[in-house]
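J.: Contents are PDB, C-alpha atoms and all ligand atoms; file name start38.pdb:
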ATOM      1  CA  MET A 528     -39.447 -22.921  56.213  1.00  0.00           C
ATOM      2  CA  GLN A 529     -40.729 -26.178  57.578  1.00  0.00           C
ATOM      3  CA  VAL A 530     -41.634 -26.353  61.219  1.00  0.00           C
ATOM      4  CA  GLU A 531     -41.769 -29.744  62.855  1.00  0.00           C
ATOM      5  CA  PHE A 532     -43.514 -29.632  66.206  1.00  0.00           C
ATOM      6  CA  GLU A 533     -42.566 -33.053  67.468  1.00  0.00           C
ATOM      7  CA  GLY A 534     -39.469 -33.933  65.518  1.00  0.00           C
ATOM      8  CA  GLU A 535     -37.030 -35.953  67.550  1.00  0.00           C
ATOM      9  CA  ASN A 536     -33.956 -35.203  65.511  1.00  0.00           C
ATOM     10  CA  MET A 537     -34.247 -31.485  65.886  1.00  0.00           C
ATOM     11  CA  GLY A 538     -35.034 -29.747  69.123  1.00  0.00           C
ATOM     12  CA  PHE A 539     -36.695 -26.405  69.500  1.00  0.00           C
ATOM     13  CA  CYS A 540     -36.589 -24.155  72.481  1.00  0.00           C
ATOM     14  CA  ASN A 541     -39.981 -24.518  74.153  1.00  0.00           C
ATOM     15  CA  SER A 542     -40.003 -20.819  74.950  1.00  0.00           C
ATOM     16  CA  CYS A 543     -38.755 -18.920  71.895  1.00  0.00           C
ATOM     17  CA  GLY A 544     -38.966 -21.667  69.270  1.00  0.00           C
ATOM     18  CA  ARG A 545     -35.461 -21.402  67.924  1.00  0.00           C
ATOM     19  CA  PRO A 546     -33.428 -24.557  67.366  1.00  0.00           C
ATOM     20  CA  VAL A 547     -31.581 -25.868  70.400  1.00  0.00           C
ATOM     21  CA  TYR A 548     -28.459 -27.943  70.127  1.00  0.00           C
ATOM     22  CA  LYS A 549     -25.507 -28.814  72.282  1.00  0.00           C
ATOM     23  CA  GLY A 550     -23.869 -25.577  73.289  1.00  0.00           C
ATOM     24  CA  ASN A 551     -26.975 -23.442  73.553  1.00  0.00           C
ATOM     25  CA  PHE A 552     -29.122 -25.519  75.906  1.00  0.00           C
ATOM     26  CA  GLY A 553     -30.580 -23.836  78.947  1.00  0.00           C
ATOM     27  CA  THR A 554     -29.312 -24.787  82.379  1.00  0.00           C
ATOM     28  CA  ASN A 555     -31.040 -26.266  85.408  1.00  0.00           C
ATOM     29  CA  GLU A 556     -30.527 -25.098  88.959  1.00  0.00           C
ATOM     30  CA  ASP A 557     -27.814 -27.693  89.480  1.00  0.00           C
ATOM     31  CA  GLY A 558     -25.966 -26.555  86.356  1.00  0.00           C
ATOM     32  CA  SER A 559     -27.015 -29.499  84.194  1.00  0.00           C
ATOM     33  CA  GLU A 560     -28.329 -28.883  80.717  1.00  0.00           C
ATOM     34  CA  ASN A 561     -32.022 -28.390  80.060  1.00  0.00           C
ATOM     35  CA  GLU A 562     -32.693 -29.529  76.522  1.00  0.00           C
ATOM     36  CA  ASP A 563     -36.211 -28.089  76.506  1.00  0.00           C
ATOM     37  CA  TYR A 564     -34.982 -24.507  76.380  1.00  0.00           C
ATOM     38  CA  CYS A 565     -32.172 -22.430  74.966  1.00  0.00           C
ATOM     39  CA  LYS A 566     -29.709 -20.628  77.184  1.00  0.00           C
ATOM     40  CA  ASP A 567     -31.198 -17.240  76.314  1.00  0.00           C
ATOM     41  CA  CYS A 568     -34.551 -18.277  77.752  1.00  0.00           C
ATOM     42  CA  PHE A 569     -33.687 -20.534  80.671  1.00  0.00           C
ATOM     43  CA  GLN A 570     -30.736 -20.283  83.018  1.00  0.00           C
ATOM     44  CA  ASN A 571     -30.102 -21.808  86.446  1.00  0.00           C
ATOM     45  CA  GLY A 572     -33.570 -23.318  86.543  1.00  0.00           C
ATOM     46  CA  GLU A 573     -35.396 -20.067  85.822  1.00  0.00           C
ATOM     47  CA  PHE A 574     -36.705 -18.236  82.805  1.00  0.00           C
ATOM     48  CA  THR A 575     -34.530 -15.238  82.054  1.00  0.00           C
ATOM     49  CA  GLU A 576     -37.671 -13.229  81.328  1.00  0.00           C
ATOM     50  CA  PRO A 577     -40.304 -14.688  83.642  1.00  0.00           C
ATOM     51  CA  ASP A 578     -42.859 -11.950  82.944  1.00  0.00           C
ATOM     52  CA  ILE A 579     -42.765 -11.991  79.160  1.00  0.00           C
ATOM     53  CA  ASN A 580     -46.032 -13.056  77.544  1.00  0.00           C
ATOM     54  CA  VAL A 581     -46.492 -15.002  74.351  1.00  0.00           C
ATOM     55  CA  ASN A 582     -47.192 -11.919  72.231  1.00  0.00           C
ATOM     56  CA  GLU A 583     -44.076 -10.204  73.516  1.00  0.00           C
ATOM     57  CA  MET A 584     -42.060 -13.316  72.731  1.00  0.00           C
ATOM     58  CA  ILE A 585     -43.441 -13.397  69.174  1.00  0.00           C
ATOM     59  CA  ILE A 586     -42.469  -9.743  68.699  1.00  0.00           C
ATOM     60  CA  LYS A 587     -39.009 -10.332  70.108  1.00  0.00           C
ATOM     61  CA  VAL A 588     -38.291 -13.362  67.943  1.00  0.00           C
ATOM     62  CA  ALA A 589     -39.788 -11.698  64.835  1.00  0.00           C
ATOM     63  CA  LYS A 590     -37.425  -8.762  65.299  1.00  0.00           C
ATOM     64  CA  GLN A 591     -34.462 -11.134  65.620  1.00  0.00           C
ATOM     65  CA  MET A 592     -35.510 -12.996  62.470  1.00  0.00           C
ATOM     66  CA  ILE A 593     -35.812  -9.760  60.492  1.00  0.00           C
ATOM     67  CA  GLU A 594     -32.455  -8.525  61.749  1.00  0.00           C
ATOM     68  CA  LYS A 595     -30.801 -11.696  60.513  1.00  0.00           C
ATOM     69  CA  ASN A 596     -32.821 -11.787  57.325  1.00  0.00           C
ATOM     70  CA  PRO A 597     -33.644  -8.269  56.117  1.00  0.00           C
ATOM     71  CA  MET A 598     -35.518  -9.587  53.080  1.00  0.00           C
ATOM     72  CA  LEU A 599     -38.076 -11.241  55.327  1.00  0.00           C
ATOM     73  CA  ARG A 600     -41.325  -9.341  55.605  1.00  0.00           C
ATOM     74  CA  GLU A 601     -42.474  -8.529  59.083  1.00  0.00           C
ATOM     75  CA  GLU A 602     -45.915 -10.029  58.346  1.00  0.00           C
ATOM     76  CA  ASP A 603     -44.366 -13.280  57.209  1.00  0.00           C
ATOM     77  CA  ALA A 604     -42.102 -13.590  60.227  1.00  0.00           C
ATOM     78  CA  THR A 605     -44.882 -12.764  62.645  1.00  0.00           C
ATOM     79  CA  GLY A 606     -47.387 -14.990  60.847  1.00  0.00           C
ATOM     80  CA  LEU A 607     -45.020 -17.931  61.045  1.00  0.00           C
ATOM     81  CA  LEU A 608     -44.302 -17.399  64.721  1.00  0.00           C
ATOM     82  CA  ILE A 609     -47.968 -16.954  65.640  1.00  0.00           C
ATOM     83  CA  ASN A 610     -48.549 -20.453  64.340  1.00  0.00           C
ATOM     84  CA  PHE A 611     -45.575 -21.893  66.182  1.00  0.00           C
ATOM     85  CA  ILE A 612     -44.628 -20.197  69.437  1.00  0.00           C
ATOM     86  CA  PRO A 613     -48.050 -20.382  71.147  1.00  0.00           C
ATOM     87  CA  HIS A 614     -47.907 -24.174  70.764  1.00  0.00           C
ATOM     88  CA  LEU A 615     -44.623 -24.513  72.620  1.00  0.00           C
ATOM     89  CA  LYS A 616     -44.596 -26.079  76.056  1.00  0.00           C
ATOM     90  CA  ARG A 617     -43.965 -22.848  77.935  1.00  0.00           C
ATOM     91  CA  TRP A 618     -47.083 -21.216  76.504  1.00  0.00           C
ATOM     92  CA  CYS A 619     -49.235 -24.269  76.009  1.00  0.00           C
ATOM     93  CA  PRO A 620     -48.639 -26.871  78.729  1.00  0.00           C
ATOM     94  CA  ASP A 621     -52.077 -28.333  78.011  1.00  0.00           C
ATOM     95  CA  PRO A 622     -52.606 -29.261  74.330  1.00  0.00           C
ATOM     96  CA  ASP A 623     -56.357 -28.831  74.751  1.00  0.00           C
ATOM     97  CA  GLU A 624     -55.852 -25.104  75.053  1.00  0.00           C
ATOM     98  CA  GLU A 625     -54.489 -24.734  71.561  1.00  0.00           C
ATOM     99  CA  GLU A 626     -57.812 -23.488  70.202  1.00  0.00           C
ATOM    100  CA  LEU A 627     -57.293 -20.305  72.184  1.00  0.00           C
ATOM    101  CA  PHE A 628     -54.807 -19.156  69.606  1.00  0.00           C
ATOM    102  CA  GLU A 629     -56.724 -19.944  66.463  1.00  0.00           C
ATOM    103  CA  GLU A 630     -58.417 -16.556  66.366  1.00  0.00           C
ATOM    104  CA  GLU A 631     -55.122 -14.759  65.878  1.00  0.00           C
ATOM    105  CA  GLU A 632     -54.855 -13.031  62.539  1.00  0.00           C
ATOM    106  CA  GLN A 633     -51.667 -12.448  60.667  1.00  0.00           C
ATOM    107  CA  MET A 634     -50.335  -9.060  61.456  1.00  0.00           C
ATOM    108  CA  GLY A 635     -47.077  -7.257  61.877  1.00  0.00           C
ATOM    109  CA  TYR A 636     -45.579  -7.075  65.305  1.00  0.00           C
ATOM    110  CA  ARG A 637     -46.087  -3.326  65.476  1.00  0.00           C
ATOM    111  CA  THR A 638     -49.799  -3.952  65.514  1.00  0.00           C
ATOM    112  CA  TYR A 639     -49.430  -5.577  68.915  1.00  0.00           C
ATOM    113  CA  MET A 640     -47.936  -2.477  70.419  1.00  0.00           C
ATOM    114  CA  GLN A 641     -50.798  -0.173  69.620  1.00  0.00           C
TER     115      GLN A 641
HETATM  116 ZN    ZN B 701     -35.316 -19.871  73.840  1.00  0.00          ZN
END
Can I see the file as structure tokens?

T.:
Amino acid sequence: MQVEFEGENMGFCNSCGRPVYKGNFGTNEDGSENEDYCKDCFQNGEFTEPDINVNEMIIKVAKQMIEKNPMLREEDATGLLINFIPHLKRWCPDPDEEELFEEEEQMGYRTYMQ
């Protein structure tokens, strides 16, 4: 799976990292579409889960990926997301802070819950 961080042809939700396209865009307070986020993450100008942290988001998305793709190993899903989701705008508004996430090791999402 190729992940393009700044591709212009393909948009990713800046919260959960899944592809966004017409029909699943988030919505602003005035009801207009917000192309930065998907509708599951951002509705009416607010995050649907304002208190979720980046680790919880990784776990949530990893679970969704494994549900859709039972052959996918938990470590692979989580490892991919650890290298992607923390770089998204919601979690990393300042690109200089990216180093904060480099210490993360690959691990299954259950490890986070211990
Ligand atoms: Zn989203």

J.: Assuming the chain letters and numbering stay as they are in my file, what does the PyMOL selection byres (((not hetatm)) within 10 of (chain B and resi 701)) actually select? List them as a list in words.

T.: Phe539, Cys540, Asn541, Ser542, Cys543, Gly544, Arg545, Pro546, Val547, Asn551, Phe552, Gly553, Asp563, Tyr564, Cys565, Lys566, Asp567, Cys568, Phe569, Phe574, Thr575, Met584 and Val588 of chain A

J.: For Glu583 of chain A, which of A:Ser559, A:Ile609, A:Gln570, A:Glu602 is the closest residue, counting all atoms listed in the file?

T.: A:Ile609

J.: Considering only C-alpha atoms, can you say which of A:Trp618, A:Met598, A:Asn610, A:Gly538 comes closest to Val581 of chain A?

T.: A:Trp618

J.: Rounded to one decimal, what separation in Å do you get between atom CA of Lys616 of chain A and atom CA of Ile586 of chain A?

T.: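 Atom-to-atom, atom CA of Lys616 of chain A to atom CA of Ile586 of chain A, that is 18.0 Å.
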
J.: So that I can see what lies close to Ile585 of chain A, please list as an mmCIF file with C-alpha atoms, in the frame of the given file the residues with an atom at most 7 Å from it, counting only C-alpha atoms and leaving out residues fewer than 5 positions away in the same chain.

T.:
data_model
loop_
_atom_site.group_PDB
_atom_site.id
_atom_site.type_symbol
_atom_site.label_atom_id
_atom_site.label_comp_id
_atom_site.auth_asym_id
_atom_site.auth_seq_id
_atom_site.Cartn_x
_atom_site.Cartn_y
_atom_site.Cartn_z
ATOM 1 C CA THR A 605 -44.882 -12.764 62.645
ATOM 2 C CA LEU A 608 -44.302 -17.399 64.721
ATOM 3 C CA ILE A 609 -47.968 -16.954 65.640
ATOM 4 C CA ILE A 612 -44.628 -20.197 69.437
#

J.: From the options A:Cys619, A:Glu562, A:Gln591, A:Asn580, which residue's atoms come nearest to Gly550 of chain A, counting only C-alpha atoms?

T.: A:Glu562

J.: Quick one: distance from atom CA of Leu615 of chain A to atom CA of Gly558 of chain A in Å, one decimal?

T.: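 These two atoms are separated by 23.3 Å.
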
J.: Please, what distance in Å, to one decimal, runs between atom CA of Gly572 of chain A and atom CA of Ala589 of chain A?

T.: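 That distance, rounded to one decimal, is 25.4 Å.
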